[in-house]
Amino acid sequence: MIKEIREPLIFEISEPGKRAAELPVLDVPAKKDLLAGVPLRRELEGFPEVSETEITRHFTRLSQKNYCVDMGLYPLGSCTMKYNPKINERLAAHPAFAASHPLASDDLVQGNLEVLKKLEGFLCEIAGMDAFTLHPAAGAHGELTGMLIIRAALEARGDARKHVLIPDSAHGTNPSSAHICGYTVREIKSNDKGTIDLASLEEAMTDEVAALMVTNPNTLGVFESDICRIAEIVHAKGGLVYMDGANMNALTGIVRPGDMGVDVMHINLHKTFSTPHGGGGPGSGPVGVTKELAPFLPVPVIAEKGGRYALDFDRPGSIGRVRAYFGNFGIAVRALCYILSLGPRGVREIAEFAVLNANYIRKSLEGEFHLKYTTASMHECVFSDKLQKEFGVTNLDISKRLIDYGLHPPTMSFPLIVHGALMIEPTETESRRDLDLFIAAMKAIAREARETPDLLRSAPHVTYVGRLDEVAAAKFPVLRWEKKP
Amino acid sequence: MIKEIREPLIFEISEPGKRAAELPVLDVPAKKDLLAGVPLRRELEGFPEVSETEITRHFTRLSQKNYCVDMGLYPLGSCTMKYNPKINERLAAHPAFAASHPLASDDLVQGNLEVLKKLEGFLCEIAGMDAFTLHPAAGAHGELTGMLIIRAALEARGDARKHVLIPDSAHGTNPSSAHICGYTVREIKSNDKGTIDLASLEEAMTDEVAALMVTNPNTLGVFESDICRIAEIVHAKGGLVYMDGANMNALTGIVRPGDMGVDVMHINLHKTFSTPHGGGGPGSGPVGVTKELAPFLPVPVIAEKGGRYALDFDRPGSIGRVRAYFGNFGIAVRALCYILSLGPRGVREIAEFAVLNANYIRKSLEGEFHLKYTTASMHECVFSDKLQKEFGVTNLDISKRLIDYGLHPPTMSFPLIVHGALMIEPTETESRRDLDLFIAAMKAIAREARETPDLLRSAPHVTYVGRLDEVAAAKFPVLRWEKKP
Amino acid sequence: MSYLSLSDKDKAEMLARTGAGSIADLFCCIPEEVRLDRPLDLPAAQSELELVRTVEGLGRKNAYAGLLSFLGGGAYDHFIPTVVDYLSSRGEFVSPYTPYQPEVSQGTLQVIFEYQTLVCQLTGLDIANASLYDGSTGAAEAVLMAQRVTNRNKVLVAASLHPQYRQVVRTYIRNLGLEAVEIGFGADGRVDRDALGRALDDKTAAVIFQSPNFFGVVEDIQGLSDAAHAAKALSVAVVAEALSLGLLEAPGRLGVDIVTGEGQSLGLPPSFGGPYLGFMACKKEFLRQMPGRIAGQTVDKEGRRGFVLTLSTREQHIRRERATSNICTNQALCALRATIFMETLGKQGLREMAWQNAQKAAYAADRLSAVPGVKMRFSGPFFNEFVLDLPKPWAAVDAGLRAKGIVGGYGLEADYPGIGSAALVCVTELRTKDEIDRLARALREVVS
Amino acid sequence: MSYLSLSDKDKAEMLARTGAGSIADLFCCIPEEVRLDRPLDLPAAQSELELVRTVEGLGRKNAYAGLLSFLGGGAYDHFIPTVVDYLSSRGEFVSPYTPYQPEVSQGTLQVIFEYQTLVCQLTGLDIANASLYDGSTGAAEAVLMAQRVTNRNKVLVAASLHPQYRQVVRTYIRNLGLEAVEIGFGADGRVDRDALGRALDDKTAAVIFQSPNFFGVVEDIQGLSDAAHAAKALSVAVVAEALSLGLLEAPGRLGVDIVTGEGQSLGLPPSFGGPYLGFMACKKEFLRQMPGRIAGQTVDKEGRRGFVLTLSTREQHIRRERATSNICTNQALCALRATIFMETLGKQGLREMAWQNAQKAAYAADRLSAVPGVKMRFSGPFFNEFVLDLPKPWAAVDAGLRAKGIVGGYGLEADYPGIGSAALVCVTELRTKDEIDRLARALREVVS
Ligand SMILES: Cc1ncc(COP(=O)(O)O)c(C=O)c1O
Ligand SMILES: Cc1ncc(COP(=O)(O)O)c(C=O)c1O
């Protein structure tokens, strides 16, 4: 009876002749024979025609169908959904930066180059690496860049080698990135602590292995305590250690990858340094390397001399360019702002309170949900639906039911080594109250799983749409609107 | 079972030591004996302490509990809830305007003065008046200003007179404003067309009457067709005609108050010229007058000479100042932008399509809802709950049920001369689809009133809170949060 | 640029439904002879890009933008956290109107309720309204309110009340049988207590004064309140610099009955004088005489807390000519900004900001009064502004400073004839030590 | 400034609940010997006000801001309606992540679906993905995709493809057994068809070219596609200036199999090169080889329409090393901006904007090539940029123009050694006739 609030597609409200924007009248004499001989389109077929009122309402109403960090806890594990300060948005949009052109000559963009160089320096200090590049546009792009550097370095030594070792708990981007670099992937099994099994590693680490890609803390939120030994094993066989630094949020100011034998790593600026996730991006995945590997960094490198900055292309060992221009510059501005705001103590507090918050949740939910690995948690903890399975309730049901409590679900079914995983990362910016709301909801859901499991299986109940048919979506793909004939 | 999404008061989530903002360290030597002898407060007792995360979430979640023009039709009669262009917000916030100080000398703020002077000129042209002042901060403030001008003018003639005539359909601000000017209010009954009864007016219009305050179109959305004759009657007795121009949205480019015998009027910039209503304000209520009344305008007046602007305080006849500085300047910037965007044709189209949209709704709902006055409608139409009363359904129930349809209710129970009034003003910026959604909802509700009246009496059903106990609110007023003892 | 949302087809079909033959027919009730028979004489419609160029062009004519300014006097240049701009610009706050329908306006209503609480906490009084236009009309409303409360018809107005506020009070009371008597100030810049004593009588409805006053001087609020109360008059305090309440004792604890003032400092840009924020708070016994809207807490049938506009029998839409004020549209969005601002600064931040203002002003006063020939005009304690006596005519000093890119203050002679060459200098937390030192150096050069 | 939300009390109580004795205890699993035993060597924490001063100070070091610029070459200065900035900055769009949970992400998902539709309409192809990093990585992904589709290992790359894009392609393909052969350009600035014909063979996976190409010249897309198809290779078009698609025929209708490109022109500021927007569309038979996320339409149990991420078996989180790409985080917010931009400009506006670009560039080309000694380098048709041959070394011309406050173009010699003194000049709808005339006058003075 109550009207369903469904937002039409913009194409469905389009009417000929409506306009939401106009341009000044052309102020140069119009040529009749413009682009003579070139096929031009008669019209932008299917393009919408609406007013500004309709644009504003359409996107306002659509926005209201999203959950977001600005509304509450967003415990999506591995994604570090922390609060994004508004001032950083404003400064990144400042015309001095936003209007500057990437092909302007160095002397016209000294401010931009200083932003990049400063941020590289901060990242070197935080990660304990000798040099950073800000070109990569996201974490996966950083992995690709880093693995290309490793390959180039090994090639320079005479042998690029064949394989890359990757633990079974790793993020899917790791094997995929290694693959693009021409490596085959060898999976390393995790031990019962959820960490890399040293014996397996020693066995797998041959002189055909180019590198180990290790995530630390790993995707279980567990610190690889043997990291120094791991690095020794890899180095002893002439391999290099790549660290996926997506989880740097657990380490800032506490320990530095460069001090643990890591040769190459990436950082997800959009995670650790709080640039907003934008519904899926943009991000930025800077790559840090040791001195030895610096010659292989992508071009251009920013060189500083006496407070003046210049682009250095004369890098014969470089892997080349990984992206046009200078990466996601606007994201770098935000990250710089974040680090400047926090200072040394604040950067350390990232890790301190990310880890405190995760452990607070873990301790509060232990017993209610199953914890496959009981090793100490860093910034996230991975429960599973094992205890709920006996009532016919899965991690999917638990997740959907959380929505009814006004919350975003955790990451589901990752890492792959935990069946029915619920991967919870609260981040350090949460308040006690928001953490407690989540804990209370999860406890209530654990009870509901026993008492009224159907309520979970039919969740969510409060949203504009219920569970969507994902199988049909993939089987009969409708990937764009089309005009009804 | 489903969690109620209640937003706590900020005071309820405050915890000692939390901060959402910091200042730089003081950069001058700190004095110990600062303000010696002056009673200082030990602390801001009760003031909240929260983080920026919490501030953002609190206000984001609160905002989501509002309906607004950016979401859909907001047919609040007499309030002209039209779409507010985003560019005008941006330009009003431009530092060149927003950072400028009201006590800066004229030569430093020539741009501001030009904004004001330009807007005055545009309003003169649109309203057909000879001069405008932009000082009044809202419509009611404009009424006060205008009536003070009338009083001053009559005083200058030798007799301020005693009474002001106001039709029974008038907005409450009219009698209230007249009262502050020292006048007693005489009510004029409306005739069966909903307009001023000429005979009653002639009878009431004595030489003790200072002025008639007429709203045109009036609050029924009906044009006072006898306006010229009305003005003659008032003028013949030495009185002046004040026009409440809150409904100018029906007239722009079509007819000008100054051409109909009006001596003084105000315009609600926030209505006709689309400055956003901000949840209740700010507005702006410029007052226009004939040449004869210009000497009485409030000070300062902006004088132009050869493209230079200056403040003129040398106005011996002036009623004085009605507000510090220059009124709601930022609202003037927005209105100027609006007029510049629309141009002569666009300004005329305001009225054309405001009236078309209102008549479209009226014709679509006639029969379903009772129309007490069947006189032609301008920009709004006033239905009532008369047909629904027999099912025990009131205008309140109808309004609350509209909320379930995702819409904002019309103005209720005003004007007072229509019992159970539902006053509907769609404005010109609405799309056909949004109008049709409203019409469909109203028709469905008319049917529901017959078939399932309880559904209306218990509405709304989709909101965070149901109907609130307004009687208790007034009887046992709780007007602020207080710390639980 | 047009903001219509109708296609030609929509227009035609809708017109058909109305039964009118043409758009012109819709206006048939307007007498032919008065209808406008020509297009309006307005500039041609501009696209957004043209509009930006036009209006930014006007902005560039404000030379003020490039200067280092020490202007205050009722409008202050304070830090505004970005989160205030961001949150207050959300369409859900900007584009609704007065929360007449509480179920779809809980956002706005809860914000008003929090705002009222904050104003009560700041002022030390029991109740607050949802806003008035600004400080000047707030002062006028307070005087009318005092008249209603006391049924007396004389009001004593401190000459150190903002000159423009005094003018507005005069305009408002003119036709209401109220007499205003001005009370001068002493060498300390405070209200002349002897003069006040002489003027107070059993016709006095209220003593209205500003603190910090227009000269920046903090008044002896308790003393003034006691004096007013001794004559059974109300003590009405105006606070034009709301930030001062972060540091100075709440007027409500110093005997004041009604506090009204200007909230611009709390998150609103100077914006050439508006939109601003009139706030008002009073003792609870005066509730029924309070002007303006008020939000209150209540419950729905399920007992869920909610907020509504309440006590509206005071207001014009119910009471008409007997209303406590004619105000309808108020400054709601400004109150929202102030709410976000105060909650963001918070208990520590607001105090810290106020304290820095006082410290920087004190430093500036020391530096500037050390310039040969320059003296502090008043001996009284001051918050973030103070008056300097200058050895040369203000016009010359002003011009000299201007040539160095500085707006050094506000000359007082137009508002206080006979005061001589004196200027009001304001120093907020935004002025750095370097900038203050630059002013001191420039002043030294200009007056020597 | 700290963004933590815990009070000291919270911290203590929470720590107690975890069972750890101290914060340091929480990190006990980290070997003592590698733990950092000193504070990080970073600048002291800054308050918002200090941060603004610091970062705006850096901004002021960009001399570019004050100049009149005619730079293009893959990054364009276009009008962006304010409504795009306003709507895209709403927290509900800015602060969520990838819509893994469709029920609470319908906003983002519907936007992606509309975006995919718009990209299909613009390119004339069947399907589009949800975004890639930018145009350069889009070109690289298209090449890898062509390899997967055709199982061939050679790719012919137009030398008139953006030089930086070509470099990125080279970096990506280096270790995948793919060979890239560059194809030069003729006097018209278009792909040298003879050279292309010679290079095409049965090992060729794709011909990849840009149109309008890096010189602004519009390629004979149909001709290139036909040539590619004749060798059973794919035709891959790169569009670095997405706005051109408002006026030029959709590549999908000219035989192209995969279109990829840079969407920056569609509502994103130049921002020193990023964040930008890689878009990609292709014929539906290549769907399973498409890199990146894709949203699709489906229904819930009640039959209500909704949107989900779909076909994810192509992606790294399912397919791992066999995924169609390693991309995870993409440029979603940029795609959202582009969606709002395209829908705001609409059918008429986007075309008008594209047309004005072409008209203004044509006017500028006429004016500039009328300067004695200055010639159009290429004879081919161009969209909104073109190459000038200059009678003096570009460094000198550039310096001369710079002295007059103008960035006149982008010198081509570094990217095209041997091309001589040639510069790429871009003219968008934002450049006025006056500005173009100013450039022409300045150039005349500088080269004479
Ligand atoms: C552990 C881990 N590694 C790598 C990535 C890939 O980073 P991005 O999404 O920025 O490409 C992610 C993020 O999603 C991740 O969680
Ligand atoms: C007819 C009419 N007159 C006067 C007013 C008062 O205007 P304002 O609310 O701007 O004070 C209003 C608006 O509410 C109105 O509708």
# chains A, B, ... in the order shown; residues from 1 in each chain; ligands from 1
call {"tool": "residues_around", "arguments": {"residues": "Ala423 (chain D)", "least_positions_apart": "2", "cutoff": "9 Å", "atoms": "only C-alpha atoms", "output": "PyMOL selection string"}}
result
chain D and resi 386-390+394+408-413+421+425
call {"tool": "write_last_selection", "arguments": {"atoms": "N, CA, C and O atoms", "output": "CSV table (one decimal), in the first residue's frame"}}
result
chain,number,residue,atom,x,y,z
D,386,PHE,N,45.4,21.5,-32.6
D,386,PHE,CA,46.1,21.5,-33.9
D,386,PHE,C,47.6,21.8,-33.7
D,386,PHE,O,47.9,22.4,-32.7
D,387,VAL,N,48.4,21.4,-34.7
D,387,VAL,CA,49.8,21.6,-34.5
D,387,VAL,C,50.3,22.8,-35.4
D,387,VAL,O,49.9,22.8,-36.6
D,388,LEU,N,51.1,23.7,-34.8
D,388,LEU,CA,51.6,24.8,-35.6
D,388,LEU,C,53.1,24.5,-35.8
D,388,LEU,O,53.8,24.1,-34.9
D,389,ASP,N,53.6,24.8,-37.0
D,389,ASP,CA,55.0,24.9,-37.3
D,389,ASP,C,55.4,26.4,-37.1
D,389,ASP,O,54.7,27.3,-37.5
D,390,LEU,N,56.5,26.5,-36.3
D,390,LEU,CA,56.9,27.9,-35.9
D,390,LEU,C,58.2,28.3,-36.6
D,390,LEU,O,59.1,27.4,-36.7
D,394,TRP,N,60.8,26.5,-30.5
D,394,TRP,CA,59.7,26.5,-29.6
D,394,TRP,C,60.1,27.1,-28.2
D,394,TRP,O,59.3,27.9,-27.6
D,408,GLY,N,51.2,29.1,-24.6
D,408,GLY,CA,50.6,29.0,-25.9
D,408,GLY,C,50.4,27.6,-26.5
D,408,GLY,O,49.6,27.5,-27.4
D,409,GLY,N,51.0,26.6,-25.8
D,409,GLY,CA,50.8,25.3,-26.4
D,409,GLY,C,51.9,24.4,-25.8
D,409,GLY,O,52.6,24.7,-24.9
D,410,TYR,N,51.9,23.2,-26.4
D,410,TYR,CA,52.8,22.2,-25.9
D,410,TYR,C,53.8,21.8,-27.0
D,410,TYR,O,53.4,21.4,-28.1
D,411,GLY,N,55.1,22.1,-26.7
D,411,GLY,CA,56.1,21.8,-27.7
D,411,GLY,C,56.3,20.3,-28.0
D,411,GLY,O,56.3,19.5,-27.0
D,412,LEU,N,56.4,19.9,-29.2
D,412,LEU,CA,56.4,18.5,-29.5
D,412,LEU,C,57.7,17.8,-29.7
D,412,LEU,O,57.8,16.6,-29.8
D,413,GLU,N,58.8,18.6,-29.6
D,413,GLU,CA,60.1,17.9,-30.0
D,413,GLU,C,60.5,16.8,-29.0
D,413,GLU,O,61.1,15.9,-29.4
D,421,SER,N,60.4,22.7,-34.8
D,421,SER,CA,59.7,23.6,-33.8
D,421,SER,C,58.2,23.6,-34.1
D,421,SER,O,57.7,24.3,-34.9
D,425,VAL,N,48.4,23.2,-30.0
D,425,VAL,CA,47.6,24.3,-29.5
D,425,VAL,C,46.1,23.8,-29.3
D,425,VAL,O,45.5,23.3,-30.2
call {"tool": "residues_near_ligand", "arguments": {"ligand": "ligand 1", "cutoff": "7 Å", "atoms": "only C-alpha atoms and all ligand atoms", "output": "ChimeraX atom specification"}}
result
/A:78-79,138-141,170-171,173-174,215,219,244,246-247,268,283-285 /D:327-329
call {"tool": "select_by_dssp", "arguments": {"residues": "region 251-314 of chain B", "states": "helix (DSSP H, G or I)", "output": "PyMOL selection string"}}
result
chain B and resi 257-260+269-272+291-296
call {"tool": "closest_atom_pairs", "arguments": {"of": "chain C", "to": "ligand 2", "cutoff": "12 Å", "atoms": "only C-alpha atoms and all ligand atoms", "output": "tab-separated table"}}
result
residue	atom	partner	partner_atom_place_in_ligand_line	distance
C:Tyr97	CA	ligand 2	14 (O)	9.8
C:Thr98	CA	ligand 2	14 (O)	9.3
C:Tyr100	CA	ligand 2	14 (O)	11.7
C:Leu132	CA	ligand 2	11 (O)	11.0
C:Tyr133	CA	ligand 2	11 (O)	10.1
C:Gly292	CA	ligand 2	11 (O)	11.1
C:Arg293	CA	ligand 2	9 (O)	11.8
C:Glu315	CA	ligand 2	11 (O)	12.0
C:Gln316	CA	ligand 2	6 (C)	9.7
C:His317	CA	ligand 2	14 (O)	9.1
C:Arg320	CA	ligand 2	4 (C)	11.8
C:Ser325	CA	ligand 2	11 (O)	10.9
C:Asn326	CA	ligand 2	11 (O)	7.7
C:Ile327	CA	ligand 2	11 (O)	5.8
C:Cys328	CA	ligand 2	9 (O)	4.3
C:Thr329	CA	ligand 2	9 (O)	3.7
C:Asn330	CA	ligand 2	11 (O)	7.3
C:Gln331	CA	ligand 2	10 (O)	10.4
C:Ala332	CA	ligand 2	9 (O)	11.7
call {"tool": "interface_residues", "arguments": {"of": "chain B", "to": "chain A", "cutoff": "6 Å", "atoms": "only C-alpha atoms", "output": "PyMOL selection string"}}
result
chain B and resi 3+57+70-71+405
call {"tool": "interface_residues", "arguments": {"of": "chain C", "to": "chain D", "cutoff": "12 Å", "atoms": "only C-alpha atoms", "output": "list in words"}}
result
Met1, Ser47, Glu48, Leu49, Glu50, Leu51, Val52, Arg53, His78, Phe79, Ile80, Pro81, Thr82, Val83, Tyr86, Leu87, Ser88, Ser89, Arg90, Gly91, Glu92, Leu345, Gly349, Glu429, Leu430, Arg431 and Thr432 of chain C
call {"tool": "residues_around", "arguments": {"residues": "Thr374 (chain A)", "least_positions_apart": "4", "cutoff": "12 Å", "atoms": "only C-alpha atoms", "output": "PyMOL selection string"}}
result
chain A and resi 192-195+220-222+359+362-363+366-367+370+378+381-383
call {"tool": "write_last_selection", "arguments": {"atoms": "all heavy atoms", "output": "tab-separated table (two decimals), in the first residue's frame"}}
result
chain	number	residue	atom	x	y	z
A	192	ASP	N	48.51	-23.17	10.87
A	192	ASP	CA	47.30	-23.08	11.69
A	192	ASP	C	47.22	-21.78	12.49
A	192	ASP	O	46.22	-21.51	13.15
A	192	ASP	CB	47.16	-24.32	12.60
A	192	ASP	CG	48.37	-24.48	13.49
A	192	ASP	OD1	49.28	-23.60	13.44
A	192	ASP	OD2	48.42	-25.48	14.22
A	193	LYS	N	48.26	-20.99	12.44
A	193	LYS	CA	48.16	-19.66	13.03
A	193	LYS	C	47.65	-18.63	12.00
A	193	LYS	O	47.44	-17.48	12.30
A	193	LYS	CB	49.52	-19.20	13.57
A	193	LYS	CG	49.99	-20.03	14.78
A	193	LYS	CD	51.14	-19.34	15.51
A	193	LYS	CE	52.32	-19.16	14.55
A	193	LYS	NZ	53.53	-18.65	15.22
A	194	GLY	N	47.52	-19.11	10.77
A	194	GLY	CA	47.07	-18.21	9.72
A	194	GLY	C	48.20	-17.47	9.05
A	194	GLY	O	47.98	-16.58	8.24
A	195	THR	N	49.42	-17.86	9.38
A	195	THR	CA	50.57	-17.15	8.80
A	195	THR	C	51.34	-18.07	7.87
A	195	THR	O	51.00	-19.24	7.71
A	195	THR	CB	51.50	-16.63	9.92
A	195	THR	OG1	51.85	-17.72	10.77
A	195	THR	CG2	50.80	-15.57	10.75
A	220	LEU	N	44.10	-11.90	7.37
A	220	LEU	CA	43.39	-12.31	8.58
A	220	LEU	C	43.53	-11.26	9.67
A	220	LEU	O	42.97	-11.40	10.76
A	220	LEU	CB	43.96	-13.64	9.10
A	220	LEU	CG	43.75	-14.85	8.20
A	220	LEU	CD1	44.69	-15.97	8.62
A	220	LEU	CD2	42.29	-15.30	8.28
A	221	GLY	N	44.31	-10.23	9.38
A	221	GLY	CA	44.60	-9.24	10.41
A	221	GLY	C	45.69	-9.72	11.35
A	221	GLY	O	45.87	-9.18	12.43
A	222	VAL	N	46.43	-10.73	10.89
A	222	VAL	CA	47.47	-11.32	11.74
A	222	VAL	C	48.84	-10.85	11.25
A	222	VAL	O	49.14	-10.88	10.05
A	222	VAL	CB	47.39	-12.86	11.69
A	222	VAL	CG1	48.60	-13.49	12.39
A	222	VAL	CG2	46.08	-13.33	12.33
A	359	ASN	N	40.48	-5.08	18.29
A	359	ASN	CA	40.54	-6.04	19.39
A	359	ASN	C	39.35	-5.90	20.33
A	359	ASN	O	38.88	-6.89	20.90
A	359	ASN	CB	41.86	-5.88	20.16
A	359	ASN	CG	42.98	-6.63	19.46
A	359	ASN	OD1	43.10	-7.84	19.58
A	359	ASN	ND2	43.77	-5.91	18.65
A	362	ARG	N	36.69	-7.75	18.58
A	362	ARG	CA	36.99	-9.18	18.64
A	362	ARG	C	36.64	-9.75	20.01
A	362	ARG	O	35.92	-10.75	20.12
A	362	ARG	CB	38.46	-9.42	18.33
A	362	ARG	CG	38.85	-10.88	18.50
A	362	ARG	CD	40.28	-11.15	18.11
A	362	ARG	NE	40.72	-12.39	18.76
A	362	ARG	CZ	41.85	-13.02	18.47
A	362	ARG	NH1	42.64	-12.54	17.54
A	362	ARG	NH2	42.17	-14.13	19.11
A	363	LYS	N	37.12	-9.10	21.07
A	363	LYS	CA	36.86	-9.60	22.41
A	363	LYS	C	35.36	-9.59	22.71
A	363	LYS	O	34.83	-10.47	23.38
A	363	LYS	CB	37.61	-8.77	23.46
A	363	LYS	CG	39.04	-9.23	23.67
A	363	LYS	CD	39.12	-10.51	24.50
A	363	LYS	CE	40.25	-11.45	24.09
A	363	LYS	NZ	41.59	-10.88	24.00
A	366	GLU	N	33.77	-12.61	20.57
A	366	GLU	CA	34.29	-13.97	20.73
A	366	GLU	C	33.26	-14.79	21.48
A	366	GLU	O	32.68	-14.34	22.47
A	366	GLU	CB	35.61	-13.96	21.50
A	366	GLU	CG	36.82	-14.20	20.61
A	366	GLU	CD	38.12	-13.96	21.34
A	366	GLU	OE1	38.09	-13.85	22.59
A	366	GLU	OE2	39.15	-13.85	20.67
A	367	GLY	N	33.05	-16.01	21.03
A	367	GLY	CA	32.03	-16.83	21.67
A	367	GLY	C	30.73	-16.76	20.90
A	367	GLY	O	30.09	-17.77	20.64
A	370	HIS	N	32.35	-17.64	15.48
A	370	HIS	CA	33.53	-18.49	15.47
A	370	HIS	C	34.74	-17.76	14.91
A	370	HIS	O	34.64	-17.03	13.93
A	370	HIS	CB	33.25	-19.75	14.63
A	370	HIS	CG	34.37	-20.73	14.68
A	370	HIS	ND1	35.23	-20.94	13.63
A	370	HIS	CD2	34.79	-21.54	15.69
A	370	HIS	CE1	36.12	-21.85	13.98
A	370	HIS	NE2	35.88	-22.24	15.22
A	378	MET	N	45.46	-7.72	14.64
A	378	MET	CA	45.92	-6.34	14.52
A	378	MET	C	44.69	-5.46	14.25
A	378	MET	O	43.85	-5.32	15.11
A	378	MET	CB	46.97	-6.22	13.42
A	378	MET	CG	48.20	-7.08	13.65
A	378	MET	SD	49.27	-6.43	14.98
A	378	MET	CE	50.01	-5.05	14.12
A	381	CYS	N	39.66	-8.40	12.34
A	381	CYS	CA	39.54	-9.78	12.79
A	381	CYS	C	38.54	-10.49	11.89
A	381	CYS	O	37.60	-9.87	11.39
A	381	CYS	CB	39.10	-9.84	14.26
A	381	CYS	SG	37.61	-8.92	14.62
A	382	VAL	N	38.79	-11.76	11.67
A	382	VAL	CA	37.98	-12.51	10.72
A	382	VAL	C	37.20	-13.61	11.45
A	382	VAL	O	37.76	-14.62	11.87
A	382	VAL	CB	38.86	-13.13	9.61
A	382	VAL	CG1	37.97	-13.88	8.61
A	382	VAL	CG2	39.66	-12.04	8.91
A	383	PHE	N	35.91	-13.36	11.64
A	383	PHE	CA	35.02	-14.37	12.19
A	383	PHE	C	34.46	-15.20	11.04
A	383	PHE	O	34.72	-14.92	9.87
A	383	PHE	CB	33.87	-13.72	12.97
A	383	PHE	CG	34.30	-13.13	14.28
A	383	PHE	CD1	34.53	-11.76	14.41
A	383	PHE	CD2	34.47	-13.93	15.40
A	383	PHE	CE1	34.93	-11.21	15.63
A	383	PHE	CE2	34.86	-13.40	16.62
A	383	PHE	CZ	35.09	-12.04	16.74
call {"tool": "atom_distance", "arguments": {"atom1": "CA of Val119 (chain C)", "atom2": "CA of Arg41 (chain B)"}}
result
15.1 Å
call {"tool": "residues_around", "arguments": {"residues": "Met265 (chain A)", "least_positions_apart": "5", "cutoff": "6 Å", "atoms": "only C-alpha atoms", "output": "list in words"}}
result
Tyr242, Met243, Asp244, Val287 and Gly288 of chain A
call {"tool": "select_by_dssp", "arguments": {"residues": "region 237-414 of chain C", "states": "strand (DSSP E)", "output": "ChimeraX atom specification"}}
result
/C:237-239,258-262,278-282,295-299,305-309,375-376,385-389,406-407,410-411
call {"tool": "atom_distance", "arguments": {"atom1": "CA of Glu49 (chain A)", "atom2": "CA of Ser7 (chain C)"}}
result
9.2 Å
call {"tool": "residues_around", "arguments": {"residues": "region 328-343 of chain A", "least_positions_apart": "4", "cutoff": "7 Å", "atoms": "only C-alpha atoms", "output": "ChimeraX atom specification"}}
result
/A:88-89,92,115-116,119,137,269,273-275,283-284,347 /D:1-2,42-47,51,271-275
call {"tool": "residues_around", "arguments": {"residues": "Ala358 (chain D)", "least_positions_apart": "4", "cutoff": "7 Å", "atoms": "only C-alpha atoms", "output": "PyMOL selection string"}}
result
chain D and resi 354+362+383-384
call {"tool": "residues_around", "arguments": {"residues": "region 410-420 of chain B", "least_positions_apart": "2", "cutoff": "6 Å", "atoms": "only C-alpha atoms", "output": "list in words"}}
result
Pro75, Leu76, Gly77, Ser169, Ser384, Asp385, Asn395, Leu422, Met423 and Ile424 of chain B
call {"tool": "closest_atom_pairs", "arguments": {"of": "region 67-140 of chain B", "to": "region 256-264 of chain B", "cutoff": "10 Å", "atoms": "only C-alpha atoms", "output": "tab-separated table"}}
result
residue	atom	partner	partner_atom	distance
B:Cys124	CA	B:Gly258	CA	8.8
B:Glu125	CA	B:Arg256	CA	8.5
B:Ile126	CA	B:Arg256	CA	6.6
B:Ala127	CA	B:Arg256	CA	4.8
B:Gly128	CA	B:Gly258	CA	4.3
B:Met129	CA	B:Gly258	CA	4.9
B:Asp130	CA	B:Gly258	CA	8.1
B:Ala131	CA	B:Val264	CA	9.7
B:Phe132	CA	B:Val264	CA	9.5
